[in-house]
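Below is the file final.csv, which contains CSV, C-alpha atoms.
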```csv
chain,number,residue,atom,x,y,z
A,1,MET,CA,0.0,0.0,0.0
A,2,PHE,CA,2.8,2.4,0.8
A,3,ASP,CA,4.0,2.2,-2.8
A,4,HIS,CA,0.5,2.7,-4.2
A,5,PRO,CA,0.5,5.7,-6.6
A,6,SER,CA,-2.5,7.3,-4.7
A,7,PHE,CA,-0.8,6.9,-1.2
A,8,ASP,CA,-0.1,10.4,0.1
A,9,GLN,CA,1.3,10.0,3.6
A,10,HIS,CA,-2.1,8.7,4.8
A,11,GLU,CA,-2.2,8.3,8.6
A,12,ARG,CA,-4.2,5.1,8.7
A,13,VAL,CA,-5.8,2.7,6.2
A,14,VAL,CA,-8.0,0.0,7.8
A,15,TYR,CA,-9.6,-3.0,6.1
A,16,ALA,CA,-12.7,-4.7,7.5
A,17,HIS,CA,-14.3,-8.0,6.7
A,18,ASP,CA,-17.5,-9.5,8.2
A,19,ALA,CA,-18.2,-13.0,6.8
A,20,ALA,CA,-21.7,-13.2,8.3
A,21,THR,CA,-22.9,-10.2,6.4
A,22,GLY,CA,-20.5,-10.1,3.4
A,23,LEU,CA,-19.1,-6.7,4.4
A,24,ARG,CA,-15.8,-5.9,2.8
A,25,ALA,CA,-14.8,-2.3,3.5
A,26,ILE,CA,-11.8,0.1,3.6
A,27,VAL,CA,-11.5,3.3,5.7
A,28,ALA,CA,-8.7,5.6,4.6
A,29,ILE,CA,-7.8,8.4,7.0
A,30,HIS,CA,-5.6,10.9,5.2
A,31,SER,CA,-5.2,13.5,7.9
A,32,THR,CA,-6.5,14.4,11.4
A,33,ALA,CA,-4.4,17.5,11.7
A,34,ARG,CA,-7.4,19.8,11.7
A,35,GLY,CA,-9.7,17.4,13.5
A,36,PRO,CA,-11.4,14.0,13.2
A,37,ALA,CA,-11.4,12.7,9.6
A,38,ALA,CA,-14.8,13.3,8.1
A,39,GLY,CA,-16.0,11.9,4.8
A,40,GLY,CA,-18.8,9.8,3.4
A,41,CYS,CA,-19.1,6.1,2.7
A,42,ARG,CA,-19.3,4.9,-0.9
A,43,PHE,CA,-21.1,1.6,-1.7
A,44,TRP,CA,-19.8,0.5,-5.1
A,45,HIS,CA,-19.0,-2.5,-7.2
A,46,TYR,CA,-15.2,-2.4,-7.7
A,47,ASN,CA,-13.4,-4.7,-10.2
A,48,SER,CA,-10.7,-5.3,-7.7
A,49,THR,CA,-9.6,-4.5,-4.1
A,50,HIS,CA,-6.8,-2.5,-5.7
A,51,ASP,CA,-9.4,-0.3,-7.4
A,52,ALA,CA,-11.3,0.1,-4.1
A,53,LEU,CA,-8.1,1.1,-2.3
A,54,ALA,CA,-7.3,3.7,-5.0
A,55,ASP,CA,-10.7,5.2,-4.6
A,56,ALA,CA,-10.4,5.3,-0.8
A,57,LEU,CA,-7.0,6.9,-0.9
A,58,ARG,CA,-7.9,9.5,-3.5
A,59,LEU,CA,-11.2,10.4,-2.0
A,60,SER,CA,-9.8,10.7,1.6
A,61,ARG,CA,-7.1,13.1,0.5
A,62,GLY,CA,-9.7,15.1,-1.4
A,63,MET,CA,-11.7,15.3,1.9
A,64,SER,CA,-8.7,16.6,3.7
A,65,TYR,CA,-8.3,19.3,1.1
A,66,LYS,CA,-12.0,20.0,0.9
A,67,ASN,CA,-12.5,20.4,4.7
A,68,ALA,CA,-9.3,22.6,4.9
A,69,MET,CA,-10.4,24.9,2.1
A,70,ALA,CA,-13.9,25.1,3.6
A,71,GLY,CA,-12.4,26.3,6.9
A,72,LEU,CA,-13.8,23.3,8.9
A,73,PRO,CA,-12.1,22.0,12.0
A,74,LEU,CA,-12.2,18.5,10.4
A,75,GLY,CA,-9.6,16.2,8.8
A,76,GLY,CA,-10.1,14.0,5.8
A,77,GLY,CA,-11.3,10.4,5.5
A,78,LYS,CA,-13.4,8.2,3.3
A,79,ALA,CA,-14.9,4.7,3.5
A,80,VAL,CA,-15.6,2.4,0.6
A,81,VAL,CA,-17.7,-0.7,0.8
A,82,MET,CA,-17.1,-3.3,-2.0
A,83,VAL,CA,-20.6,-4.4,-3.1
A,84,ASP,CA,-21.4,-7.5,-4.9
A,85,PRO,CA,-24.1,-6.6,-7.5
A,86,SER,CA,-25.8,-10.0,-7.0
A,87,GLN,CA,-26.0,-9.3,-3.2
A,88,PRO,CA,-27.0,-5.8,-2.4
A,89,LYS,CA,-26.5,-4.2,0.9
A,90,THR,CA,-28.6,-5.3,3.8
A,91,PRO,CA,-29.5,-3.8,7.2
A,92,LEU,CA,-27.1,-6.4,8.8
A,93,MET,CA,-24.3,-5.3,6.5
A,94,LEU,CA,-24.9,-1.7,7.4
A,95,GLU,CA,-24.9,-2.6,11.1
A,96,ALA,CA,-21.6,-4.4,10.6
A,97,PHE,CA,-20.2,-1.2,8.9
A,98,GLY,CA,-21.4,0.8,11.9
A,99,ARG,CA,-19.4,-1.5,14.3
A,100,PHE,CA,-16.4,-1.0,12.0
A,101,VAL,CA,-16.6,2.8,12.2
A,102,ASP,CA,-17.1,2.6,16.0
A,103,SER,CA,-14.0,0.5,16.4
A,104,LEU,CA,-12.0,3.6,15.2
A,105,HIS,CA,-13.2,5.5,18.3
A,106,GLY,CA,-14.0,8.8,16.5
A,107,LEU,CA,-10.9,9.1,14.3
A,108,TYR,CA,-13.4,8.8,11.4
A,109,ILE,CA,-16.8,10.3,11.0
A,110,THR,CA,-19.0,8.7,8.2
A,111,ALA,CA,-21.9,10.0,6.2
A,112,GLU,CA,-23.8,9.1,3.0
A,113,ASP,CA,-22.1,9.1,-0.3
A,114,VAL,CA,-22.6,7.4,-3.7
A,115,GLY,CA,-24.6,4.2,-3.2
A,116,ALA,CA,-25.8,5.2,0.3
A,117,SER,CA,-28.8,7.0,1.6
A,118,VAL,CA,-29.8,8.9,4.7
A,119,ALA,CA,-31.9,5.8,5.6
A,120,ASP,CA,-28.8,3.7,5.4
A,121,MET,CA,-26.9,6.0,7.7
A,122,GLU,CA,-29.7,5.8,10.2
A,123,ILE,CA,-29.1,2.0,10.4
A,124,VAL,CA,-25.3,2.6,10.7
A,125,ALA,CA,-26.0,5.0,13.5
A,126,THR,CA,-27.6,2.3,15.6
A,127,ARG,CA,-24.1,0.9,16.0
A,128,THR,CA,-22.0,4.1,16.3
A,129,ARG,CA,-22.4,7.7,17.1
A,130,TYR,CA,-19.8,8.8,14.6
A,131,VAL,CA,-22.3,9.5,11.8
A,132,SER,CA,-23.2,12.9,10.4
A,133,GLY,CA,-26.0,14.0,8.0
A,134,LEU,CA,-28.9,12.5,10.0
A,135,PRO,CA,-32.4,13.9,10.4
A,136,ARG,CA,-32.1,14.1,14.2
A,137,THR,CA,-28.9,16.3,13.9
A,138,ALA,CA,-30.0,18.3,10.9
A,139,VAL,CA,-30.4,22.1,11.4
A,140,SER,CA,-33.0,22.1,8.6
A,141,SER,CA,-34.6,19.5,6.2
A,142,ASP,CA,-33.8,15.8,6.7
A,143,GLY,CA,-30.0,15.9,6.9
A,144,ASN,CA,-29.5,15.0,3.2
A,145,PRO,CA,-26.5,17.1,2.1
A,146,SER,CA,-27.2,16.8,-1.6
A,147,PRO,CA,-29.2,20.1,-1.9
A,148,LYS,CA,-26.4,21.9,-0.1
A,149,THR,CA,-23.8,20.5,-2.4
A,150,ALA,CA,-25.9,21.5,-5.4
A,151,LEU,CA,-26.2,25.1,-4.0
A,152,GLY,CA,-22.4,25.4,-3.7
A,153,VAL,CA,-21.9,24.1,-7.2
A,154,TYR,CA,-24.6,26.5,-8.6
A,155,LEU,CA,-22.9,29.4,-6.9
A,156,GLY,CA,-19.5,28.2,-8.2
A,157,ILE,CA,-20.8,28.0,-11.7
A,158,LYS,CA,-22.1,31.6,-11.5
A,159,ALA,CA,-18.6,32.7,-10.2
A,160,ALA,CA,-16.9,30.9,-13.1
A,161,VAL,CA,-19.2,32.4,-15.7
A,162,LYS,CA,-18.6,35.8,-14.2
A,163,TYR,CA,-14.9,35.4,-14.3
A,164,LYS,CA,-14.5,33.6,-17.7
A,165,LEU,CA,-17.4,35.0,-19.7
A,166,ASN,CA,-17.9,38.3,-17.9
A,167,LYS,CA,-21.6,37.6,-17.5
A,168,ASP,CA,-23.6,38.4,-14.4
A,169,GLU,CA,-26.4,35.9,-15.1
A,170,LEU,CA,-26.8,32.4,-16.5
A,171,ARG,CA,-29.9,33.0,-18.5
A,172,GLY,CA,-29.5,31.7,-22.1
A,173,LEU,CA,-26.3,29.8,-21.4
A,174,THR,CA,-25.9,26.1,-22.1
A,175,VAL,CA,-24.9,23.9,-19.2
A,176,SER,CA,-24.3,20.2,-19.6
A,177,VAL,CA,-24.9,18.1,-16.4
A,178,GLN,CA,-23.5,14.6,-16.4
A,179,GLY,CA,-25.1,12.5,-13.6
A,180,LEU,CA,-28.5,13.1,-12.2
A,181,GLY,CA,-28.2,11.7,-8.7
A,182,GLY,CA,-29.1,13.7,-5.6
A,183,VAL,CA,-26.7,16.5,-6.4
A,184,GLY,CA,-27.0,16.6,-10.2
A,185,PHE,CA,-30.8,16.7,-10.2
A,186,GLU,CA,-30.9,19.4,-7.5
A,187,LEU,CA,-28.4,21.4,-9.5
A,188,CYS,CA,-30.6,21.2,-12.6
A,189,LYS,CA,-33.5,22.7,-10.6
A,190,LEU,CA,-31.4,25.7,-9.7
A,191,LEU,CA,-30.0,26.2,-13.2
A,192,ALA,CA,-33.4,25.8,-14.8
A,193,ALA,CA,-34.9,28.4,-12.5
A,194,ASP,CA,-32.2,30.8,-13.9
A,195,GLY,CA,-33.2,30.2,-17.5
A,196,VAL,CA,-30.3,27.9,-18.4
A,197,ARG,CA,-30.5,25.7,-21.5
A,198,LEU,CA,-29.8,22.3,-20.0
A,199,ARG,CA,-28.3,19.2,-21.5
A,200,VAL,CA,-28.4,16.2,-19.2
A,201,ALA,CA,-27.2,12.6,-19.1
A,202,ASP,CA,-27.5,9.7,-16.7
A,203,VAL,CA,-27.0,6.0,-16.9
A,204,ARG,CA,-30.6,5.6,-15.8
A,205,GLU,CA,-32.7,6.5,-18.8
A,206,ALA,CA,-35.8,7.0,-16.8
A,207,VAL,CA,-34.1,9.7,-14.6
A,208,ALA,CA,-32.7,11.4,-17.7
A,209,GLN,CA,-36.2,11.5,-19.2
A,210,LYS,CA,-37.7,12.9,-16.0
A,211,ALA,CA,-35.1,15.7,-16.1
A,212,SER,CA,-35.9,16.3,-19.7
A,213,HIS,CA,-39.6,16.8,-19.0
A,214,GLN,CA,-39.2,18.7,-15.8
A,215,PHE,CA,-36.5,21.1,-17.0
A,216,ASP,CA,-37.1,21.1,-20.7
A,217,ALA,CA,-33.6,19.6,-21.1
A,218,ALA,CA,-32.0,17.9,-24.0
A,219,VAL,CA,-30.9,14.4,-23.3
A,220,SER,CA,-27.5,13.1,-24.3
A,221,ALA,CA,-25.5,10.0,-23.7
A,222,PRO,CA,-23.4,9.8,-20.5
A,223,ASP,CA,-20.2,9.0,-22.5
A,224,LYS,CA,-20.8,11.9,-25.0
A,225,ILE,CA,-22.2,14.8,-23.0
A,226,LEU,CA,-18.8,16.0,-21.7
A,227,PHE,CA,-17.6,16.5,-25.3
A,228,GLU,CA,-20.6,18.4,-26.7
A,229,ARG,CA,-20.5,22.2,-27.2
A,230,ALA,CA,-21.6,24.0,-24.0
A,231,ASP,CA,-20.8,27.1,-22.1
A,232,VAL,CA,-20.3,25.1,-18.9
A,233,VAL,CA,-19.7,21.3,-18.4
A,234,ALA,CA,-20.8,20.1,-14.9
A,235,PRO,CA,-19.6,16.6,-14.1
A,236,CYS,CA,-21.8,15.2,-11.3
A,237,ALA,CA,-21.1,11.5,-11.6
A,238,LEU,CA,-17.9,9.6,-11.0
A,239,GLY,CA,-14.3,10.9,-11.3
A,240,ALA,CA,-11.1,10.5,-13.3
A,241,ILE,CA,-12.9,11.6,-16.4
A,242,PHE,CA,-10.4,14.3,-17.7
A,243,ASP,CA,-7.2,13.0,-19.0
A,244,ALA,CA,-4.8,13.2,-22.0
A,245,ASN,CA,-7.4,11.4,-24.2
A,246,THR,CA,-10.5,13.3,-23.2
A,247,ILE,CA,-9.3,16.9,-22.7
A,248,PRO,CA,-8.6,17.5,-26.4
A,249,LYS,CA,-12.2,16.6,-27.2
A,250,LEU,CA,-13.7,19.3,-24.9
A,251,GLN,CA,-15.9,22.0,-26.5
A,252,THR,CA,-16.3,24.2,-23.5
A,253,THR,CA,-14.2,26.8,-21.6
A,254,ILE,CA,-15.6,26.1,-18.1
A,255,ILE,CA,-15.7,22.9,-16.1
A,256,ALA,CA,-17.5,23.3,-12.8
A,257,GLY,CA,-19.3,20.2,-11.3
A,258,ALA,CA,-19.8,18.2,-8.2
A,259,ALA,CA,-18.0,15.0,-9.0
A,260,ASN,CA,-15.0,14.1,-6.9
A,261,ASN,CA,-11.5,13.6,-8.3
A,262,GLN,CA,-12.4,14.8,-11.8
A,263,LEU,CA,-8.8,14.9,-12.9
A,264,ALA,CA,-7.3,11.5,-13.7
A,265,THR,CA,-3.8,12.8,-12.8
A,266,ALA,CA,-2.3,15.9,-11.4
A,267,GLU,CA,-0.9,16.7,-14.9
A,268,ASP,CA,-4.4,16.9,-16.3
A,269,GLY,CA,-5.0,20.2,-14.5
A,270,ALA,CA,-2.1,21.6,-16.5
A,271,ARG,CA,-3.6,20.2,-19.7
A,272,LEU,CA,-6.9,22.0,-19.0
A,273,HIS,CA,-5.1,25.2,-18.3
A,274,ALA,CA,-3.1,25.0,-21.5
A,275,ALA,CA,-6.4,24.3,-23.4
A,276,GLY,CA,-7.8,27.5,-22.1
A,277,VAL,CA,-10.4,25.8,-19.9
A,278,LEU,CA,-11.3,27.3,-16.6
A,279,TYR,CA,-11.5,24.5,-14.1
A,280,ALA,CA,-13.2,24.9,-10.7
A,281,PRO,CA,-11.3,22.5,-8.4
A,282,ASP,CA,-13.8,19.9,-7.4
A,283,TYR,CA,-13.2,19.8,-3.7
A,284,VAL,CA,-13.6,23.6,-3.5
A,285,ILE,CA,-16.8,23.9,-5.5
A,286,ASN,CA,-18.5,20.8,-4.1
A,287,ALA,CA,-18.0,21.6,-0.4
A,288,GLY,CA,-21.5,22.6,0.4
A,289,GLY,CA,-22.5,19.1,1.6
A,290,ILE,CA,-19.6,18.7,4.0
A,291,ILE,CA,-20.1,22.2,5.3
A,292,SER,CA,-23.7,21.3,6.1
A,293,VAL,CA,-23.2,17.9,7.7
A,294,GLY,CA,-19.9,18.9,9.3
A,295,ARG,CA,-21.4,22.0,11.1
A,296,GLU,CA,-24.4,20.0,12.1
A,297,TYR,CA,-22.2,17.3,13.6
A,298,LEU,CA,-20.0,19.8,15.4
A,299,GLY,CA,-23.0,21.6,16.8
A,300,GLY,CA,-23.8,25.3,17.3
A,301,ALA,CA,-24.7,26.1,13.7
A,302,THR,CA,-27.9,27.5,12.3
A,303,ALA,CA,-29.5,27.2,8.9
A,304,GLU,CA,-28.5,30.8,8.2
A,305,SER,CA,-24.8,30.3,9.3
A,306,ILE,CA,-24.5,27.2,7.1
A,307,THR,CA,-25.9,29.0,4.1
A,308,ALA,CA,-23.6,31.9,4.7
A,309,GLU,CA,-20.6,29.5,4.7
A,310,ILE,CA,-21.7,27.9,1.5
A,311,HIS,CA,-22.0,31.4,-0.1
A,312,ARG,CA,-18.2,31.8,0.6
A,313,ILE,CA,-17.5,29.0,-1.9
A,314,PRO,CA,-17.6,31.4,-5.0
A,315,VAL,CA,-15.3,33.8,-3.1
A,316,ARG,CA,-12.7,31.1,-2.6
A,317,LEU,CA,-13.0,30.0,-6.3
A,318,THR,CA,-12.7,33.6,-7.6
A,319,GLU,CA,-9.5,34.0,-5.5
A,320,ILE,CA,-8.1,30.8,-7.1
A,321,PHE,CA,-9.2,32.0,-10.6
A,322,ALA,CA,-7.4,35.3,-10.1
A,323,ARG,CA,-4.2,33.7,-8.8
A,324,SER,CA,-4.3,31.4,-11.8
A,325,SER,CA,-4.5,34.3,-14.2
A,326,ALA,CA,-1.8,36.3,-12.4
A,327,THR,CA,0.7,33.4,-12.3
A,328,ASN,CA,-0.4,31.5,-15.5
A,329,ARG,CA,-0.7,28.4,-13.4
A,330,PRO,CA,-3.4,25.7,-13.3
A,331,THR,CA,-6.2,26.3,-10.8
A,332,SER,CA,-5.8,22.7,-9.6
A,333,ASP,CA,-2.2,23.2,-8.6
A,334,LEU,CA,-3.0,26.4,-6.8
A,335,ALA,CA,-5.9,24.9,-4.9
A,336,ASP,CA,-3.7,21.9,-3.9
A,337,GLU,CA,-1.0,24.3,-2.6
A,338,MET,CA,-3.4,26.3,-0.6
A,339,ALA,CA,-4.9,23.2,1.0
A,340,ARG,CA,-1.5,21.7,1.8
A,341,GLN,CA,-0.5,24.9,3.4
A,342,LEU,CA,-3.6,24.9,5.6
A,343,LEU,CA,-2.8,21.3,6.7
A,344,THR,CA,0.8,22.2,7.4
A,345,GLU,CA,-0.2,25.1,9.6
A,346,ALA,CA,-2.6,22.8,11.5
A,347,ARG,CA,0.1,20.3,12.2
```

When written as structure tokens, how does the structure in this file appear?
Amino acid sequence: MFDHPSFDQHERVVYAHDAATGLRAIVAIHSTARGPAAGGCRFWHYNSTHDALADALRLSRGMSYKNAMAGLPLGGGKAVVMVDPSQPKTPLMLEAFGRFVDSLHGLYITAEDVGASVADMEIVATRTRYVSGLPRTAVSSDGNPSPKTALGVYLGIKAAVKYKLNKDELRGLTVSVQGLGGVGFELCKLLAADGVRLRVADVREAVAQKASHQFDAAVSAPDKILFERADVVAPCALGAIFDANTIPKLQTTIIAGAANNQLATAEDGARLHAAGVLYAPDYVINAGGIISVGREYLGGATAESITAEIHRIPVRLTEIFARSSATNRPTSDLADEMARQLLTEAR
């Protein structure tokens, strides 16, 4: 593991197996310099344990950077549960995962992520108190962080459009949204209300058609939508989608979406910059959800204070955009440097 290309001085990586329930999970704790490692749990079918480890390592580092850039007193961690498609998750498996989280004694705080729901986390919480994003701790709504993530991405898109296109409103612009899960669908609601021309794609055809009808959106294929002409491309599905092969195919000048780890490698940020594409670093623009569940878990927040913190996301992005223009350096490199500096100061 120490030689894994995604290993980044992680403090702890823990594997768990529960034969009775079929649980196979990994928790990666990247940093606790700023506080307990917070990050959701992803339930996913991985082709190999190596792929699951890579996801956990990359996502946990992203959470360290995300929480630091959001100004939260939290470190970065992530859990992945390797799901067998023929044997979907069960309440007993979720309980076993809760016991696994509890065995870390608060070093890691979990929450819902891809493949998990608030209801799932309610079951996990019967076996551990180290869970965030629950209805009983929510300041408002049901604890679901997706609408808060979508709000931050929406505000970030507006900031990117203002900076790159010098437009104060989104009306009439074309935005392509890849992935219509909890965040992507909520993002479409906000964009449609602003008069955006939407293009949407999802692996679930029924969901894509629902978005088409509700938002008067054009439906595209998930593997093609990123490369169609648009003012803004908003990836809201899985990561590692921009690389040496895909970047030359882009027909946009702005990438601003909710997906984690959108760049396949660090060098791909430089490729986007060289291509004249303004990239909103994913862990900066998609921090609305962790701001919400993090503040609710820590206590003392109000709906107003959480919303105010989310509205600072475009301020941070604009600072990164300006530094990029001033230094002719990729936004991804600058965001990484800023995040690492915050972690160093905390240590």

Check: Got a sec: who's within 9 Å of Ala68 (chain A), counting all atoms listed in the file, leaving out chain neighbours fewer than 4 positions off, as a list in words?
Finding: Arg34, Met63, Ser64, Leu72, Pro73, Leu74, Gly75, Gly76, Met338, Ala339, Arg340, Leu342 and Leu343 of chain A

Checklist line | Among the residues A:Ser324, A:Gln214, A:Thr265, A:Ser220, the one that comes closest to Phe242 (chain A) [using only C-alpha atoms] | finding: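 Distance minimum relative to Phe242 (chain A) lands on A:Thr265.
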
Next item on the list: Using CA of His273 (chain A) and CA of Val196 (chain A) as the two end points, give the distance in Å to one decimal.
Entry: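 We find that CA of His273 (chain A) and CA of Val196 (chain A) lie 25.3 Å from each other.
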
Check: Restricting the calculation to all atoms listed in the file, which member of A:Arg197, A:His45, A:Arg312, A:His10 is positioned closest to Gly156 (chain A)?
Finding: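 Nearest candidate to Gly156 (chain A) out of A:Arg197, A:His45, A:Arg312, A:His10: A:Arg312.
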
Next item on the list: Have a look at A:Ala274, A:Met121, A:Val293, A:Ile109 and name the one nearest to Lys78 (chain A); count all atoms listed in the file.
Entry: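 Counting all atoms listed in the file, the residue closest to Lys78 (chain A) is A:Ile109.
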
Next item on the list: Find the spatial neighbours of Leu59 (chain A), counting all atoms listed in the file, within a cut-off of 10 Å - ignore same-chain residues fewer than 3 positions away - and output them as a PyMOL selection string.
Entry: chain A and resi 6+28-30+39-40+42+53-56+62-65+76-80+239+260-261+283

Notebook entry, point to check: When you draw a straight line from CA of Thr253 (chain A) to CA of Val232 (chain A), how long is it in Å?
Noted result: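 So the two atoms, CA of Thr253 (chain A) and CA of Val232 (chain A), lie 6.9 Å apart.
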
Notebook entry, point to check: With distances taken over all atoms listed in the file, which of A:His213, A:Ile291, A:Glu296, A:Val114 is nearest to Ala237 (chain A)?
Noted result: A:Val114

Next item on the list: Determine the nearest neighbour of Ile123 (chain A) from the options A:Pro147, A:Pro91, A:Gly294, A:Pro135, counting all atoms listed in the file.
Entry: A:Pro91

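If all atoms listed in the file are the atoms counted, then among A:Leu191, A:Met69, A:Cys41, A:Leu151 the closest residue to Gln341 (chain A) is A:Met69.
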
Check: What's the 8 Å shell around Glu95 (chain A), counting only C-alpha atoms, without same-chain residues fewer than 5 positions away, as a VMD selection string?
Finding: chain A and resid 123 to 124 126 to 127

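The coordinates place CA of Ala119 (chain A) at 26.3 Å from CA of Val13 (chain A).
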
List as a JSON list (two decimals) with C-alpha atoms, in the coordinates of the input the protein and nucleic acid residues near Thr318 (chain A), meaning an atom at most 9 Å away when only C-alpha atoms are counted, but skip any in the same chain fewer than 2 places from it.
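Generated file (around-v8.json):
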```json
[["chain", "number", "residue", "atom", "x", "y", "z"],
["A", 156, "GLY", "CA", -19.50, 28.20, -8.20],
["A", 159, "ALA", "CA", -18.60, 32.70, -10.20],
["A", 160, "ALA", "CA", -16.90, 30.90, -13.10],
["A", 163, "TYR", "CA", -14.90, 35.40, -14.30],
["A", 313, "ILE", "CA", -17.50, 29.00, -1.90],
["A", 314, "PRO", "CA", -17.60, 31.40, -5.00],
["A", 315, "VAL", "CA", -15.30, 33.80, -3.10],
["A", 316, "ARG", "CA", -12.70, 31.10, -2.60],
["A", 320, "ILE", "CA", -8.10, 30.80, -7.10],
["A", 321, "PHE", "CA", -9.20, 32.00, -10.60],
["A", 322, "ALA", "CA", -7.40, 35.30, -10.10],
["A", 323, "ARG", "CA", -4.20, 33.70, -8.80]]
```

Next item on the list: Pick out the residues sitting within 12 Å of Asp84 (chain A), and hand them over as a VMD selection string; count only C-alpha atoms, and ignore anything fewer than 4 positions along from it in its own chain.
Entry: chain A and resid 21 to 25 43 to 48 88 to 90 93
